[in-house]
file entry-v7.csv (CSV, C-alpha atoms)
chain,number,residue,atom,x,y,z
A,1,MET,CA,138.9,-69.1,86.0
A,2,PHE,CA,139.9,-70.8,89.2
A,3,PHE,CA,138.1,-71.2,92.5
A,4,THR,CA,140.9,-71.3,95.1
A,5,LYS,CA,139.1,-73.0,97.9
A,6,GLU,CA,137.6,-75.8,95.7
A,7,LYS,CA,140.5,-76.0,93.2
A,8,LEU,CA,137.7,-75.8,90.6
A,9,PHE,CA,139.0,-74.8,87.1
A,10,LEU,CA,137.0,-73.2,84.4
A,11,ALA,CA,138.2,-72.4,80.9
A,12,PHE,CA,136.6,-70.6,78.0
A,13,LEU,CA,137.7,-70.6,74.4
A,14,MET,CA,137.9,-67.0,73.1
A,15,ASN,CA,138.6,-66.1,69.5
A,16,ARG,CA,140.7,-63.1,70.7
A,17,CYS,CA,142.2,-62.2,74.0
A,18,THR,CA,140.4,-58.8,74.5
A,19,LYS,CA,138.4,-57.0,77.1
A,20,GLY,CA,135.3,-57.6,74.9
A,21,ALA,CA,135.9,-61.3,74.7
A,22,VAL,CA,136.2,-61.6,78.5
A,23,ARG,CA,133.1,-59.5,78.9
A,24,LEU,CA,131.2,-61.8,76.6
A,25,VAL,CA,132.2,-64.8,78.7
A,26,PHE,CA,131.1,-63.0,81.9
A,27,ASP,CA,127.8,-62.0,80.2
A,28,ARG,CA,127.1,-65.6,79.1
A,29,LEU,CA,127.7,-66.9,82.6
A,30,GLU,CA,125.5,-64.2,84.1
A,31,LYS,CA,122.7,-65.0,81.6
A,32,ARG,CA,122.9,-68.8,82.4
A,33,MET,CA,123.1,-68.2,86.2
A,34,GLY,CA,121.1,-65.1,86.7
A,35,THR,CA,122.6,-61.9,88.0
A,36,TYR,CA,122.1,-62.7,91.7
A,37,GLU,CA,123.7,-66.1,91.5
A,38,PHE,CA,126.6,-64.8,89.4
A,39,ALA,CA,127.2,-62.0,92.0
A,40,SER,CA,127.2,-64.5,94.8
A,41,VAL,CA,129.5,-67.0,93.1
A,42,PHE,CA,131.9,-64.4,91.5
A,43,GLU,CA,131.7,-61.8,94.3
A,44,TYR,CA,135.5,-61.3,94.0
A,45,ILE,CA,137.7,-62.0,91.0
A,46,LEU,CA,141.5,-62.0,91.3
A,47,THR,CA,143.3,-61.7,88.0
A,48,ASP,CA,146.6,-60.7,86.5
A,49,ARG,CA,147.1,-57.4,84.8
A,50,GLY,CA,146.6,-58.7,81.3
A,51,SER,CA,145.1,-56.1,78.9
A,52,GLU,CA,142.0,-58.3,78.6
A,53,PHE,CA,141.2,-57.4,82.2
A,54,GLY,CA,142.2,-53.7,81.8
A,55,ASP,CA,138.6,-52.3,82.1
A,56,PRO,CA,137.4,-53.6,85.5
A,57,ASP,CA,134.3,-51.4,85.6
A,58,THR,CA,133.0,-53.0,82.4
A,59,LEU,CA,133.6,-56.5,83.7
A,60,GLU,CA,132.3,-55.7,87.2
A,61,THR,CA,129.0,-54.3,85.8
A,62,GLY,CA,126.4,-56.8,84.7
A,63,MET,CA,124.1,-56.9,81.7
A,64,THR,CA,121.4,-55.0,83.6
A,65,GLY,CA,123.9,-52.3,84.9
A,66,VAL,CA,124.1,-53.8,88.4
A,67,GLN,CA,127.5,-54.5,89.9
A,68,ARG,CA,128.0,-58.3,89.6
A,69,SER,CA,131.6,-58.6,90.9
A,70,SER,CA,134.7,-56.9,92.2
A,71,ILE,CA,137.9,-57.3,90.3
A,72,TYR,CA,141.3,-57.3,92.1
A,73,TYR,CA,144.8,-57.7,90.6
A,74,CYS,CA,147.7,-59.9,91.7
A,75,ASP,CA,150.9,-58.1,92.4
A,76,PRO,CA,153.4,-58.4,89.4
A,77,MET,CA,155.7,-61.4,89.5
A,78,GLN,CA,153.7,-63.0,92.4
A,79,SER,CA,152.4,-66.3,90.9
A,80,GLY,CA,151.8,-67.6,94.4
A,81,GLN,CA,148.9,-65.2,94.7
A,82,LYS,CA,147.0,-67.2,92.1
A,83,GLY,CA,145.9,-69.8,94.6
A,84,GLY,CA,146.9,-73.1,92.9
A,85,LEU,CA,146.0,-72.2,89.4
A,86,GLU,CA,149.4,-73.4,88.2
A,87,GLN,CA,148.5,-77.0,89.1
A,88,ALA,CA,145.4,-76.8,86.9
A,89,HIS,CA,147.5,-75.2,84.1
A,90,THR,CA,150.0,-78.1,84.4
A,91,MET,CA,147.1,-80.6,84.0
A,92,LEU,CA,145.8,-78.6,81.0
A,93,TRP,CA,149.2,-78.8,79.3
A,94,MET,CA,149.3,-82.6,79.9
A,95,VAL,CA,146.3,-82.8,77.5
A,96,LEU,CA,147.3,-79.8,75.2
A,97,PRO,CA,151.2,-79.9,75.2
A,98,LYS,CA,153.2,-77.0,73.9
A,99,GLY,CA,152.9,-76.8,70.1
A,100,THR,CA,149.3,-78.1,70.0
A,101,SER,CA,147.2,-76.2,67.6
A,102,PHE,CA,144.0,-74.7,69.0
A,103,GLU,CA,142.6,-74.1,65.6
A,104,PHE,CA,140.1,-77.0,65.7
A,105,LEU,CA,139.5,-76.9,69.4
A,106,THR,CA,135.9,-76.3,70.4
A,107,GLN,CA,134.3,-75.2,73.7
A,108,TRP,CA,133.0,-78.7,73.9
A,109,ASP,CA,136.6,-80.0,73.9
A,110,VAL,CA,137.6,-77.4,76.5
A,111,ASN,CA,134.7,-78.5,78.7
A,112,LEU,CA,135.7,-82.1,78.4
A,113,ILE,CA,139.3,-81.3,79.4
A,114,VAL,CA,138.1,-79.2,82.3
A,115,ASN,CA,135.7,-82.0,83.5
A,116,HIS,CA,138.7,-84.4,83.6
A,117,ILE,CA,140.9,-81.9,85.5
A,118,ASN,CA,138.1,-81.2,88.0
A,119,SER,CA,137.5,-84.9,88.5
A,120,THR,CA,141.1,-85.5,89.5
A,121,PRO,CA,141.4,-86.0,93.3
A,122,ARG,CA,143.7,-83.4,95.1
A,123,GLU,CA,145.8,-84.1,98.1
A,124,SER,CA,145.0,-80.5,99.3
A,125,LEU,CA,141.3,-81.5,99.3
A,126,GLY,CA,141.8,-84.6,101.4
A,127,GLY,CA,141.7,-86.8,98.3
A,128,ARG,CA,138.4,-85.3,97.1
A,129,THR,CA,137.9,-83.9,93.6
A,130,PRO,CA,137.3,-80.2,92.9
A,131,TYR,CA,134.0,-81.1,91.3
A,132,ASN,CA,132.7,-82.8,94.5
A,133,VAL,CA,133.9,-80.0,96.8
A,134,ALA,CA,132.3,-77.4,94.5
A,135,LEU,CA,129.1,-79.3,94.4
A,136,GLU,CA,128.9,-78.6,98.2
A,137,THR,CA,130.0,-75.0,98.1
A,138,VAL,CA,128.7,-73.4,94.9
A,139,GLY,CA,126.0,-76.0,94.2
A,140,GLY,CA,124.8,-78.1,91.3
A,141,GLU,CA,123.0,-75.2,89.5
A,142,ALA,CA,126.2,-73.3,89.2
A,143,LEU,CA,128.1,-76.3,88.1
A,144,ASN,CA,125.4,-76.9,85.4
A,145,ALA,CA,125.7,-73.3,84.3
A,146,PHE,CA,129.5,-73.8,84.0
A,147,GLN,CA,128.6,-76.9,81.9
A,148,LEU,CA,130.6,-79.2,84.2
A,149,ARG,CA,129.9,-82.8,85.0
A,150,PRO,CA,131.9,-85.4,87.0
A,151,ILE,CA,134.1,-88.0,85.3
A,152,ALA,CA,134.3,-91.5,86.9
A,153,PRO,CA,137.7,-91.9,88.6
A,154,ASP,CA,138.7,-94.8,86.3
A,155,GLU,CA,137.8,-92.8,83.2
A,156,VAL,CA,139.9,-89.6,84.0
A,157,ASN,CA,142.3,-89.1,81.1
A,158,LEU,CA,144.9,-86.3,81.2
A,159,THR,CA,146.7,-87.1,78.0
A,160,PRO,CA,146.5,-85.7,74.4
A,161,LYS,CA,144.4,-88.8,73.5
A,162,LEU,CA,141.5,-87.3,75.4
A,163,ILE,CA,140.9,-84.8,72.6
A,164,ARG,CA,142.3,-86.9,69.7
A,165,PHE,CA,139.5,-89.5,70.3
A,166,ASN,CA,136.9,-86.8,69.7
A,167,HIS,CA,138.1,-85.6,66.3

call {"tool": "encode", "arguments": {"input": "entry-v7.csv", "output": "structure tokens"}}
result
Amino acid sequence: MFFTKEKLFLAFLMNRCTKGAVRLVFDRLEKRMGTYEFASVFEYILTDRGSEFGDPDTLETGMTGVQRSSIYYCDPMQSGQKGGLEQAHTMLWMVLPKGTSFEFLTQWDVNLIVNHINSTPRESLGGRTPYNVALETVGGEALNAFQLRPIAPDEVNLTPKLIRFNH
């Protein structure tokens, strides 16, 4: 997930790339945040047309049956509509280069990588980090629900060693 204004990147390890797995991620976030907070933070979700997003009604409807979001789709072959997600993906691939096995990767590892990505200053944010900008816009409670924390600038590591040290 990517917040375009803040450049905040979220990633969730799923055992399969299915509608049910995505629904489970949304449900977990809604449970941690509460339905109202989820609905205000994820009012609109823009995604590609992957089959895992092929049942928008199920994803838009929360655990209590209340609409929690509205799903919209990018136009085919229009990666520019993804609002900067490619830069976050580039940073992700710096830590997990092509050919890296995800077999032993845990959500804790993914959170660690995401924390480092979100603690990297962006020129488009005036040299600020996505984490700090999101702290002002979505708030600390939402960042806690996302299991995010800031990394000190001199400790940011976007290399494969970030994960290798933890195994």

call {"tool": "closest_residue", "arguments": {"input": "entry-v7.csv", "among": "A:Leu105, A:Arg68, A:Asn115, A:Glu6", "to": "Phe146 of chain A", "atoms": "only C-alpha atoms"}}
result
A:Asn115

call {"tool": "atom_distance", "arguments": {"input": "entry-v7.csv", "atom1": "atom CA of Phe9 of chain A", "atom2": "atom CA of Phe26 of chain A"}}
result
15.1 Å

call {"tool": "atom_distance", "arguments": {"input": "entry-v7.csv", "atom1": "atom CA of Thr129 of chain A", "atom2": "atom CA of Val156 of chain A"}}
result
11.3 Å

call {"tool": "residues_around", "arguments": {"input": "entry-v7.csv", "residues": "Lys19 of chain A", "least_positions_apart": "4", "cutoff": "10 Å", "atoms": "all atoms listed in the file", "output": "ChimeraX atom specification"}}
result
/A:23-24,50-56,58-59

call {"tool": "write_last_selection", "arguments": {"input": "entry-v7.csv", "atoms": "C-alpha atoms", "output": "PDB file, in the frame of the given file"}}
result
ATOM      1  CA  ARG A  23     133.100 -59.500  78.900  1.00  0.00           C
ATOM      2  CA  LEU A  24     131.200 -61.800  76.600  1.00  0.00           C
ATOM      3  CA  GLY A  50     146.600 -58.700  81.300  1.00  0.00           C
ATOM      4  CA  SER A  51     145.100 -56.100  78.900  1.00  0.00           C
ATOM      5  CA  GLU A  52     142.000 -58.300  78.600  1.00  0.00           C
ATOM      6  CA  PHE A  53     141.200 -57.400  82.200  1.00  0.00           C
ATOM      7  CA  GLY A  54     142.200 -53.700  81.800  1.00  0.00           C
ATOM      8  CA  ASP A  55     138.600 -52.300  82.100  1.00  0.00           C
ATOM      9  CA  PRO A  56     137.400 -53.600  85.500  1.00  0.00           C
ATOM     10  CA  THR A  58     133.000 -53.000  82.400  1.00  0.00           C
ATOM     11  CA  LEU A  59     133.600 -56.500  83.700  1.00  0.00           C
TER      12      LEU A  59
END

call {"tool": "atom_distance", "arguments": {"input": "entry-v7.csv", "atom1": "atom CA of Val133 of chain A", "atom2": "atom CA of Thr120 of chain A"}}
result
11.6 Å

call {"tool": "closest_residue", "arguments": {"input": "entry-v7.csv", "among": "A:Gly34, A:Lys98, A:Pro153, A:Glu123", "to": "Thr64 of chain A", "atoms": "only C-alpha atoms"}}
result
A:Gly34

call {"tool": "residues_around", "arguments": {"input": "entry-v7.csv", "residues": "Ser40 of chain A", "least_positions_apart": "2", "cutoff": "12 Å", "atoms": "all atoms listed in the file", "output": "PyMOL selection string"}}
result
chain A and resi 30+33-38+42-45+67-70+137-139+142

call {"tool": "closest_residue", "arguments": {"input": "entry-v7.csv", "among": "A:Thr61, A:Gln87, A:Asn15, A:Asn118", "to": "Phe102 of chain A", "atoms": "all atoms listed in the file"}}
result
A:Asn15

call {"tool": "residues_around", "arguments": {"input": "entry-v7.csv", "residues": "Val114 of chain A", "least_positions_apart": "6", "cutoff": "10 Å", "atoms": "only C-alpha atoms", "output": "count of residues only"}}
result
14

call {"tool": "closest_residue", "arguments": {"input": "entry-v7.csv", "among": "A:Asp27, A:Leu13, A:Gly99, A:Ile71", "to": "Ile113 of chain A", "atoms": "all atoms listed in the file"}}
result
A:Leu13

call {"tool": "residues_around", "arguments": {"input": "entry-v7.csv", "residues": "Arg164 of chain A", "least_positions_apart": "2", "cutoff": "12 Å", "atoms": "all atoms listed in the file", "output": "list in words"}}
result
Val95, Leu96, Thr100, Ser101, Phe104, Leu105, Asp109, Leu112, Ile113, Asn157, Leu158, Thr159, Pro160, Lys161, Leu162, Asn166 and His167 of chain A

call {"tool": "closest_residue", "arguments": {"input": "entry-v7.csv", "among": "A:Met1, A:Leu29, A:Arg128, A:Val66", "to": "Asn144 of chain A", "atoms": "only C-alpha atoms"}}
result
A:Leu29

call {"tool": "decode", "arguments": {"input": "entry-v7.csv", "residues": "segment 84-95 of chain A", "atoms": "all heavy atoms", "output": "short mmCIF file (atom, residue, chain, number, x, y, z; two decimals), in the first residue's frame"}}
result
data_model
loop_
_atom_site.label_atom_id
_atom_site.label_comp_id
_atom_site.auth_asym_id
_atom_site.auth_seq_id
_atom_site.Cartn_x
_atom_site.Cartn_y
_atom_site.Cartn_z
N GLY A 84 3.98 7.41 -7.41
CA GLY A 84 5.29 7.31 -6.76
C GLY A 84 5.60 5.96 -6.16
O GLY A 84 6.65 5.78 -5.55
N LEU A 85 4.71 5.01 -6.33
CA LEU A 85 4.94 3.68 -5.77
C LEU A 85 6.20 3.03 -6.32
O LEU A 85 6.88 2.29 -5.62
CB LEU A 85 3.72 2.79 -6.05
CG LEU A 85 3.78 1.36 -5.54
CD1 LEU A 85 3.92 1.33 -4.02
CD2 LEU A 85 2.54 0.59 -5.96
N GLU A 86 6.53 3.35 -7.57
CA GLU A 86 7.71 2.73 -8.19
C GLU A 86 9.00 3.05 -7.42
O GLU A 86 9.88 2.21 -7.30
CB GLU A 86 7.84 3.15 -9.66
CG GLU A 86 6.68 2.68 -10.54
CD GLU A 86 6.40 1.19 -10.45
OE1 GLU A 86 7.36 0.39 -10.46
OE2 GLU A 86 5.22 0.82 -10.36
N GLN A 87 9.12 4.27 -6.87
CA GLN A 87 10.31 4.62 -6.08
C GLN A 87 10.40 3.74 -4.83
O GLN A 87 11.48 3.25 -4.48
CB GLN A 87 10.29 6.10 -5.67
CG GLN A 87 11.54 6.49 -4.91
CD GLN A 87 11.54 7.95 -4.47
OE1 GLN A 87 10.50 8.59 -4.39
NE2 GLN A 87 12.71 8.47 -4.20
N ALA A 88 9.27 3.50 -4.18
CA ALA A 88 9.26 2.63 -3.00
C ALA A 88 9.63 1.20 -3.40
O ALA A 88 10.39 0.53 -2.70
CB ALA A 88 7.90 2.67 -2.31
N HIS A 89 9.11 0.75 -4.54
CA HIS A 89 9.46 -0.60 -5.01
C HIS A 89 10.95 -0.69 -5.31
O HIS A 89 11.58 -1.71 -5.02
CB HIS A 89 8.65 -0.95 -6.26
CG HIS A 89 7.27 -1.41 -5.96
ND1 HIS A 89 6.30 -1.48 -6.92
CD2 HIS A 89 6.69 -1.84 -4.82
CE1 HIS A 89 5.18 -1.93 -6.38
NE2 HIS A 89 5.40 -2.14 -5.11
N THR A 90 11.51 0.35 -5.90
CA THR A 90 12.96 0.35 -6.19
C THR A 90 13.75 0.19 -4.89
O THR A 90 14.71 -0.58 -4.83
CB THR A 90 13.36 1.65 -6.92
OG1 THR A 90 12.65 1.69 -8.17
CG2 THR A 90 14.85 1.71 -7.18
N MET A 91 13.35 0.90 -3.85
CA MET A 91 14.04 0.77 -2.55
C MET A 91 13.86 -0.62 -1.97
O MET A 91 14.79 -1.19 -1.40
CB MET A 91 13.52 1.83 -1.58
CG MET A 91 13.89 3.24 -1.94
SD MET A 91 13.23 4.35 -0.69
CE MET A 91 13.54 5.91 -1.46
N LEU A 92 12.66 -1.19 -2.13
CA LEU A 92 12.40 -2.55 -1.65
C LEU A 92 13.33 -3.54 -2.33
O LEU A 92 13.92 -4.41 -1.69
CB LEU A 92 10.94 -2.91 -1.90
CG LEU A 92 10.49 -4.30 -1.47
CD1 LEU A 92 10.55 -4.45 0.03
CD2 LEU A 92 9.08 -4.58 -1.98
N TRP A 93 13.50 -3.39 -3.65
CA TRP A 93 14.36 -4.31 -4.40
C TRP A 93 15.84 -4.12 -4.07
O TRP A 93 16.66 -5.00 -4.32
CB TRP A 93 14.12 -4.21 -5.91
CG TRP A 93 12.70 -4.55 -6.28
CD1 TRP A 93 11.86 -3.82 -7.07
CD2 TRP A 93 11.92 -5.67 -5.86
NE1 TRP A 93 10.63 -4.41 -7.16
CE2 TRP A 93 10.63 -5.56 -6.42
CE3 TRP A 93 12.18 -6.77 -5.04
CZ2 TRP A 93 9.62 -6.49 -6.20
CZ3 TRP A 93 11.17 -7.70 -4.81
CH2 TRP A 93 9.92 -7.56 -5.40
N MET A 94 16.20 -2.97 -3.50
CA MET A 94 17.58 -2.78 -3.04
C MET A 94 17.88 -3.71 -1.87
O MET A 94 18.99 -4.22 -1.73
CB MET A 94 17.81 -1.31 -2.62
CG MET A 94 17.79 -0.35 -3.80
SD MET A 94 17.65 1.39 -3.31
CE MET A 94 19.22 1.66 -2.51
N VAL A 95 16.88 -3.95 -1.03
CA VAL A 95 17.04 -4.84 0.13
C VAL A 95 16.78 -6.29 -0.26
O VAL A 95 17.44 -7.20 0.22
CB VAL A 95 16.09 -4.42 1.28
CG1 VAL A 95 16.25 -5.34 2.48
CG2 VAL A 95 16.34 -2.97 1.68
#
